[in-house]
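S.K.: Provided below: target_22.cif, containing mmCIF, C-alpha atoms.
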```cif
data_my_file
#
loop_
_atom_site.label_atom_id
_atom_site.label_comp_id
_atom_site.auth_asym_id
_atom_site.auth_seq_id
_atom_site.Cartn_x
_atom_site.Cartn_y
_atom_site.Cartn_z
CA MET B 1 -19.59 9.35 -13.85
CA TRP B 2 -20.32 9.18 -10.09
CA ILE B 3 -16.76 8.01 -9.36
CA SER B 4 -15.34 11.11 -11.05
CA ASP B 5 -17.86 13.19 -9.07
CA LEU B 6 -16.54 11.67 -5.85
CA ALA B 7 -13.02 12.74 -6.81
CA ASN B 8 -13.96 16.11 -5.36
CA PRO B 9 -13.17 15.87 -1.60
CA SER B 10 -16.20 17.99 -0.59
CA ARG B 11 -18.55 15.73 -2.57
CA PHE B 12 -16.82 12.68 -1.13
CA LEU B 13 -17.35 14.05 2.40
CA ARG B 14 -21.06 14.52 1.76
CA ALA B 15 -21.37 11.00 0.32
CA ALA B 16 -19.34 9.49 3.20
CA ASN B 17 -21.47 11.30 5.81
CA LEU B 18 -24.55 9.73 4.23
CA ALA B 19 -23.08 6.24 3.76
CA ILE B 20 -21.23 5.68 7.07
CA PRO B 21 -24.30 5.35 9.37
CA TRP B 22 -26.01 2.93 6.93
CA LEU B 23 -22.86 0.87 6.48
CA GLY B 24 -22.33 0.83 10.26
CA GLY B 25 -25.88 -0.46 10.76
CA ALA B 26 -25.46 -3.13 8.08
CA THR B 27 -22.14 -4.19 9.66
CA LEU B 28 -23.81 -4.63 13.07
CA ILE B 29 -26.66 -6.74 11.64
CA VAL B 30 -24.38 -9.00 9.56
CA PHE B 31 -21.94 -9.35 12.49
CA ALA B 32 -24.75 -10.37 14.87
CA PHE B 33 -26.05 -12.98 12.40
CA ALA B 34 -22.53 -14.28 11.63
CA LEU B 35 -21.76 -14.62 15.37
CA TYR B 36 -25.03 -16.49 15.91
CA ARG B 37 -24.22 -18.91 13.04
CA ALA B 38 -20.65 -19.30 14.31
CA MET B 39 -21.93 -20.28 17.77
CA LEU B 40 -24.16 -22.94 16.17
CA ALA B 41 -21.31 -24.36 14.06
CA PRO B 42 -20.19 -27.85 15.12
CA ASP B 43 -16.64 -28.70 16.17
CA ASP B 44 -14.36 -29.87 13.38
CA TYR B 45 -13.62 -33.60 13.32
CA GLN B 46 -9.87 -32.90 13.43
CA GLN B 47 -9.47 -29.44 14.99
CA GLY B 48 -12.28 -29.73 17.55
CA ALA B 49 -13.47 -26.40 18.98
CA THR B 50 -10.33 -24.54 17.84
CA VAL B 51 -11.97 -24.30 14.39
CA LYS B 52 -13.81 -21.30 15.91
CA ILE B 53 -10.49 -19.40 15.78
CA MET B 54 -10.67 -19.77 11.98
CA PHE B 55 -13.79 -17.55 11.97
CA LEU B 56 -11.45 -14.71 13.02
CA HIS B 57 -8.21 -15.81 11.40
CA VAL B 58 -9.44 -16.27 7.81
CA PRO B 59 -11.36 -12.94 7.52
CA SER B 60 -8.47 -10.98 9.05
CA ALA B 61 -6.01 -12.63 6.61
CA TRP B 62 -8.34 -11.73 3.73
CA LEU B 63 -8.66 -8.10 4.88
CA GLY B 64 -4.91 -7.72 5.39
CA MET B 65 -4.41 -8.68 1.74
CA LEU B 66 -7.46 -6.73 0.49
CA ALA B 67 -6.16 -3.54 2.13
CA TRP B 68 -2.78 -3.89 0.42
CA GLY B 69 -4.52 -4.61 -2.89
CA LEU B 70 -6.58 -1.41 -2.49
CA MET B 71 -3.43 0.51 -1.55
CA THR B 72 -1.78 -0.78 -4.74
CA ILE B 73 -4.68 0.48 -6.89
CA ALA B 74 -4.54 3.78 -4.99
CA ALA B 75 -0.76 3.92 -5.57
CA LEU B 76 -1.39 3.69 -9.32
CA GLY B 77 -4.01 6.42 -8.89
CA THR B 78 -1.41 8.61 -7.18
CA LEU B 79 1.45 7.99 -9.61
CA VAL B 80 -0.38 7.65 -12.94
CA TRP B 81 -3.67 9.55 -12.72
CA ARG B 82 -2.87 11.87 -9.76
CA HIS B 83 -6.38 11.21 -8.46
CA PRO B 84 -7.06 13.62 -5.57
CA LEU B 85 -8.47 10.91 -3.31
CA ALA B 86 -5.97 8.16 -4.19
CA ASP B 87 -3.37 8.98 -1.52
CA VAL B 88 -6.15 9.76 0.97
CA ALA B 89 -7.48 6.22 0.43
CA ALA B 90 -4.00 4.70 0.63
CA LYS B 91 -3.20 6.49 3.88
CA ALA B 92 -6.55 5.54 5.42
CA ALA B 93 -6.24 1.86 4.44
CA ALA B 94 -2.72 1.34 5.85
CA PRO B 95 -3.48 1.24 9.60
CA LEU B 96 -6.56 -0.90 8.96
CA GLY B 97 -4.56 -3.40 6.91
CA ALA B 98 -1.80 -3.45 9.53
CA ALA B 99 -4.31 -4.12 12.32
CA PHE B 100 -6.01 -7.00 10.47
CA THR B 101 -2.67 -8.53 9.43
CA LEU B 102 -1.54 -8.41 13.07
CA LEU B 103 -4.84 -10.04 14.11
CA CYS B 104 -4.26 -12.73 11.49
CA LEU B 105 -0.77 -13.45 12.87
CA VAL B 106 -1.94 -13.49 16.51
CA THR B 107 -4.98 -15.71 15.91
CA GLY B 108 -2.90 -18.00 13.68
CA SER B 109 -0.35 -18.42 16.48
CA LEU B 110 -3.09 -19.11 19.01
CA TRP B 111 -4.51 -21.77 16.69
CA GLY B 112 -1.07 -23.20 15.90
CA ARG B 113 -0.09 -23.92 19.51
CA PRO B 114 -2.82 -26.52 20.19
CA GLU B 115 -2.93 -27.88 16.60
CA TRP B 116 0.75 -27.88 15.56
CA GLY B 117 2.33 -27.81 19.01
CA THR B 118 4.02 -24.47 18.30
CA TYR B 119 3.08 -20.79 18.11
CA TRP B 120 5.32 -20.14 15.13
CA VAL B 121 7.24 -21.87 12.34
CA TRP B 122 9.23 -20.16 9.60
CA ASP B 123 7.19 -21.70 6.79
CA ALA B 124 6.49 -19.79 3.58
CA ARG B 125 2.89 -18.78 4.37
CA LEU B 126 3.61 -17.52 7.89
CA THR B 127 6.82 -15.76 6.85
CA SER B 128 5.23 -14.02 3.83
CA GLU B 129 2.34 -12.88 6.06
CA LEU B 130 4.84 -11.51 8.60
CA ILE B 131 6.60 -9.68 5.73
CA LEU B 132 3.24 -8.10 4.81
CA PHE B 133 2.89 -6.84 8.39
CA LEU B 134 6.43 -5.41 8.31
CA LEU B 135 5.62 -3.72 4.98
CA TYR B 136 2.58 -2.11 6.60
CA LEU B 137 4.80 -0.82 9.42
CA ALA B 138 7.23 0.59 6.82
CA VAL B 139 4.37 2.38 5.02
CA LEU B 140 3.03 3.82 8.30
CA ALA B 141 6.53 5.01 9.22
CA LEU B 142 6.99 6.60 5.78
CA TRP B 143 3.71 8.52 6.08
CA ARG B 144 4.94 9.95 9.38
CA THR B 145 8.49 10.68 8.19
CA VAL B 146 7.70 12.91 5.18
CA GLU B 147 5.80 16.01 6.28
CA ASP B 148 4.39 17.10 2.90
CA PRO B 149 1.44 14.71 2.19
CA SER B 150 1.85 14.72 -1.62
CA ARG B 151 5.60 13.92 -1.42
CA ALA B 152 4.89 11.23 1.19
CA ALA B 153 2.16 9.80 -1.07
CA ARG B 154 4.57 9.33 -3.98
CA ALA B 155 7.18 7.60 -1.78
CA VAL B 156 4.52 5.38 -0.21
CA ALA B 157 3.05 4.58 -3.65
CA ILE B 158 6.39 3.22 -4.89
CA LEU B 159 6.87 1.12 -1.74
CA THR B 160 3.27 -0.15 -2.02
CA ILE B 161 3.66 -1.25 -5.64
CA VAL B 162 6.94 -3.03 -4.85
CA GLY B 163 5.36 -4.62 -1.75
CA ALA B 164 2.45 -5.93 -3.83
CA ILE B 165 4.80 -8.71 -4.97
CA ASP B 166 4.16 -10.25 -1.53
CA LEU B 167 0.42 -10.77 -2.26
CA PRO B 168 0.76 -13.63 -4.81
CA ILE B 169 3.57 -15.06 -2.69
CA ILE B 170 1.21 -15.25 0.31
CA LYS B 171 -1.59 -16.73 -1.80
CA PHE B 172 0.46 -19.37 -3.63
CA SER B 173 3.11 -20.06 -0.95
CA VAL B 174 1.20 -23.18 0.09
CA ASP B 175 1.36 -24.48 -3.52
CA TRP B 176 4.93 -23.44 -4.34
CA TRP B 177 6.60 -24.76 -1.17
CA ASN B 178 6.08 -27.52 1.37
CA THR B 179 4.40 -25.71 4.23
CA LEU B 180 3.05 -26.70 7.61
CA HIS B 181 0.20 -24.29 6.85
CA GLN B 182 -2.65 -26.08 5.07
CA GLY B 183 -3.34 -25.52 1.38
CA ALA B 184 -6.23 -23.48 -0.02
CA SER B 185 -9.55 -24.81 1.26
CA VAL B 186 -12.11 -22.04 0.68
CA PHE B 187 -11.46 -20.66 -2.81
CA ARG B 188 -9.92 -23.41 -4.94
CA LEU B 189 -10.47 -25.18 -8.23
CA GLY B 190 -12.93 -28.01 -7.66
CA GLY B 191 -14.76 -26.16 -4.88
CA SER B 192 -14.29 -25.71 -1.16
CA THR B 193 -13.17 -28.66 0.96
CA ILE B 194 -14.93 -27.27 4.04
CA ASP B 195 -18.23 -28.69 5.26
CA PRO B 196 -21.16 -26.25 4.70
CA THR B 197 -21.91 -26.20 8.46
CA ILE B 198 -18.54 -24.50 8.96
CA LEU B 199 -18.16 -22.79 5.56
CA THR B 200 -21.42 -20.79 5.86
CA PRO B 201 -20.53 -19.05 9.17
CA LEU B 202 -16.98 -18.55 7.87
CA LEU B 203 -18.24 -16.72 4.76
CA LEU B 204 -20.73 -14.74 6.86
CA LYS B 205 -17.90 -13.67 9.16
CA ALA B 206 -15.84 -12.68 6.12
CA ALA B 207 -18.77 -10.59 4.83
CA ALA B 208 -19.22 -8.94 8.25
CA PHE B 209 -15.51 -8.11 8.53
CA THR B 210 -15.48 -6.76 4.96
CA LEU B 211 -18.43 -4.47 5.74
CA LEU B 212 -16.61 -3.31 8.89
CA PHE B 213 -13.50 -2.64 6.83
CA VAL B 214 -15.41 -0.58 4.22
CA THR B 215 -17.11 1.46 6.97
CA LEU B 216 -13.82 2.10 8.77
CA LEU B 217 -12.08 2.94 5.49
CA LEU B 218 -14.69 5.56 4.56
CA ALA B 219 -14.53 7.03 8.08
CA ALA B 220 -10.71 7.09 8.05
CA MET B 221 -10.73 8.74 4.59
CA ARG B 222 -13.13 11.38 5.89
CA ASN B 223 -10.76 12.02 8.82
CA GLU B 224 -7.78 12.30 6.47
CA ILE B 225 -9.57 14.90 4.30
CA LEU B 226 -10.39 16.91 7.44
CA ARG B 227 -6.76 16.58 8.63
CA ARG B 228 -5.56 18.01 5.30
CA ARG B 229 -8.00 20.91 5.62
CA VAL B 230 -6.62 21.57 9.12
CA ARG B 231 -3.09 21.56 7.67
CA THR B 232 -4.08 24.00 4.90
CA LEU B 233 -5.77 26.35 7.36
CA ARG B 234 -2.75 26.28 9.69
CA LEU B 235 -0.45 27.11 6.76
CA LEU B 236 -2.79 29.98 5.79
CA GLN B 237 -2.83 31.19 9.39
CA ALA B 238 0.98 31.02 9.59
CA SER B 239 1.44 32.88 6.28
CA ALA B 240 -1.07 35.56 7.38
CA ALA B 241 0.77 35.99 10.69
CA GLY B 242 4.16 36.15 8.92
CA MET X 243 -20.99 -29.50 31.01
CA GLN X 244 -17.32 -29.79 30.12
CA ALA X 245 -15.45 -26.83 28.58
CA PRO X 246 -14.08 -27.59 25.11
CA ALA X 247 -10.42 -28.51 24.84
CA HIS X 248 -8.06 -25.55 24.30
CA ILE X 249 -10.74 -23.10 25.48
CA ALA X 250 -8.03 -20.69 26.69
CA PHE X 251 -6.65 -20.35 23.14
CA ILE X 252 -10.14 -19.70 21.72
CA ILE X 253 -10.88 -17.05 24.38
CA ALA X 254 -7.49 -15.40 23.81
CA ALA X 255 -8.08 -15.27 20.03
CA TYR X 256 -11.53 -13.70 20.44
CA ALA X 257 -10.17 -11.25 23.05
CA ALA X 258 -7.51 -10.19 20.51
CA GLY X 259 -10.23 -9.78 17.87
CA ILE X 260 -12.36 -7.62 20.18
CA ILE X 261 -9.35 -5.48 21.16
CA VAL X 262 -8.38 -4.85 17.50
CA VAL X 263 -11.94 -4.06 16.33
CA VAL X 264 -12.73 -1.80 19.32
CA ALA X 265 -9.37 -0.01 18.99
CA LEU X 266 -9.97 0.67 15.27
CA ILE X 267 -13.50 1.98 15.87
CA ALA X 268 -12.32 4.16 18.80
CA TRP X 269 -9.39 5.50 16.76
CA VAL X 270 -11.61 6.49 13.82
CA MET X 271 -14.28 8.11 16.04
CA LEU X 272 -11.78 9.99 18.24
CA ASP X 273 -9.80 11.20 15.24
CA TYR X 274 -13.01 12.52 13.66
CA ARG X 275 -13.92 14.47 16.79
CA ILE X 276 -10.40 15.90 17.09
CA GLN X 277 -10.25 17.08 13.46
CA ARG X 278 -13.75 18.58 13.63
CA ARG X 279 -12.87 20.43 16.85
CA ILE X 280 -9.61 21.87 15.41
CA LEU X 281 -11.40 22.94 12.21
CA ALA X 282 -14.12 24.67 14.23
CA GLU X 283 -11.48 26.46 16.35
CA LEU X 284 -9.63 27.68 13.27
CA GLU X 285 -12.83 28.87 11.61
CA THR X 286 -13.80 30.74 14.80
CA LYS X 287 -10.48 32.57 14.51
CA GLY X 288 -11.50 33.64 11.01
CA VAL X 289 -9.19 31.29 9.11
CA SER X 290 -10.97 29.72 6.13
CA ARG X 291 -10.08 28.09 2.82
CA ARG X 292 -10.35 30.11 -0.40
CA SER X 293 -12.93 27.62 -1.78
CA ALA X 294 -15.03 27.97 1.39
CA ARG X 295 -14.88 31.78 1.16
CA GLU X 296 -15.89 31.66 -2.51
CA ALA X 297 -18.81 29.33 -1.73
CA GLU X 298 -19.92 31.71 1.03
CA ARG X 299 -19.70 34.71 -1.32
CA THR X 300 -21.69 32.90 -4.03
CA ASP X 301 -24.36 32.02 -1.47
CA SER X 302 -24.64 35.64 -0.29
CA GLU X 303 -24.79 36.90 -3.91
CA ARG X 304 -27.65 34.48 -4.58
CA VAL X 305 -29.52 35.83 -1.57
#
```
What's the structure tokens form of this structure?

M.R.:
Amino acid sequence: MWISDLANPSRFLRAANLAIPWLGGATLIVFAFALYRAMLAPDDYQQGATVKIMFLHVPSAWLGMLAWGLMTIAALGTLVWRHPLADVAAKAAAPLGAAFTLLCLVTGSLWGRPEWGTYWVWDARLTSELILFLLYLAVLALWRTVEDPSRAARAVAILTIVGAIDLPIIKFSVDWWNTLHQGASVFRLGGSTIDPTILTPLLLKAAAFTLLFVTLLLAAMRNEILRRRVRTLRLLQASAAG
Amino acid sequence: MQAPAHIAFIIAAYAAGIIVVVALIAWVMLDYRIQRRILAELETKGVSRRSAREAERTDSERV
């Protein structure tokens, strides 16, 4: 029931105004605790201190994929159910997903140079992640190209659903092909292969980044609703003047 | 105390993380201020949405 209530943009704005400060506070607290635990984490027996880069790399990879997953659900909301907030959510999530995917690529390169001896290799995991970033850029460009938000939303929704094919490719690339990138080590059948002294701060960092993402997403959705109100008012003003 | 090996790569990665997070927060906050300011300017000029006018009328009828 409350989800259908939130479909009304005015109700959503009221709920977002209430939730954003609390979420922001919770993000700060979890981030502070995660950073503290990350500082206490020992060096890895193979990677040494560079394992600390993983505390940034893994959460940003997760958020890059989560954002596209949310955009895919929103795309279905736009095309199938014509939910009034679906394209607002999709548009708000795109720059966030792009930023975290870029951070994933940059931190991965900075980890790869000391560990692999190279910033980049064209292996399946790295290439599919780069494709995800390029897809984000395409979506951002499409939003800017089509002026009418509802027409842009439909075009973006189709591209998003097609692009979602990249998500399982990213996830399973390390199983399907021989990659320099390591296989799954956090979420895998048989449990994580990471020592708890490193796994705990890694999961805390992932939780902190996820909270940050949710806060930013709500704030960006609120901005998008306001932007659409500005557009409506300007159209009204123009029609009144004409 | 000796700095850990590859410290420059670790610092660069965390600097990139800080830049991305700060940029996203600044973008969202600035955008909010800009949209609120434009909306306020338009409403000062007497431009308002039909739903807002109706809500205002209902409120005044209640009073």

S.K.: Take the PyMOL selection byres ((chain B) within 8 of (chain X)), run it mentally on this structure, and tell me the resulting residues as a PyMOL selection string.

M.R.: chain B and resi 48-50+52-53+56+96+99-100+103+106-107+110-111+114+216+219-220+222-223+226-227+229-230+232-234+236-237

S.K.: Which centre and which edge lengths, in Å to one decimal, describe the axis-aligned box that holds all listed atoms of segment 217-221 of chain B after 4 Å is added on each side, as JSON?

M.R.:
```
{"center_x": -12.7, "center_y": 5.8, "center_z": 6.3, "size_x": 12.0, "size_y": 13.8, "size_z": 11.5}
```

S.K.: Quick one: residues within 10 Å of segment 148-157 of chain B, only C-alpha atoms counted, chain neighbours fewer than 6 positions away excluded, as JSON, numbers by chain?

M.R.: {"B": [71, 72, 73, 74, 75, 76, 77, 78, 79, 82, 84, 86, 87, 88, 90, 91, 138, 139, 140, 141, 142, 163, 228, 231]}

S.K.: Around (6.5, -22.4, -1.1) in the file's frame, which residues reach within 12 Å when counting all atoms listed in the file? Return as a list in words?

M.R.: Trp122, Asp123, Ala124, Arg125, Leu126, Thr127, Ser128, Pro168, Ile169, Ile170, Lys171, Phe172, Ser173, Val174, Asp175, Trp176, Trp177, Asn178, Thr179, Leu180, His181, Gln182 and Gly183 of chain B

S.K.: Rounded to one decimal place, report the atom CA of Glu147 of chain B-atom CA of Gly97 of chain B distance in Å.

M.R.: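 For atom CA of Glu147 of chain B relative to atom CA of Gly97 of chain B, the distance reads 22.0 Å.
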
S.K.: Could you work out how far atom CA of Thr215 of chain B lies from atom CA of Thr27 of chain B, giving the answer in Å with one decimal?

M.R.: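 These atoms are spaced 8.0 Å apart.
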
S.K.: Applying 6 Å and all atoms listed in the file, which residues near Ile198 of chain B remain after dropping the ones on its own chain fewer than 3 positions away? List them as a CSV table (one decimal) with C-alpha atoms, in the frame of the given file.

M.R.:
```csv
chain,number,residue,atom,x,y,z
B,41,ALA,CA,-21.3,-24.4,14.1
B,195,ASP,CA,-18.2,-28.7,5.3
B,201,PRO,CA,-20.5,-19.0,9.2
```

S.K.: Could you state the separation of atom CA of Val186 of chain B and atom CA of Leu199 of chain B in Å, given to one decimal place?

M.R.: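 These atoms are spaced 7.8 Å apart.
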
S.K.: Looking at only C-alpha atoms, which of B:Ala98, B:Leu217, B:Leu85, B:Val162 is the one that sits closest to Arg11 of chain B?

M.R.: B:Leu85
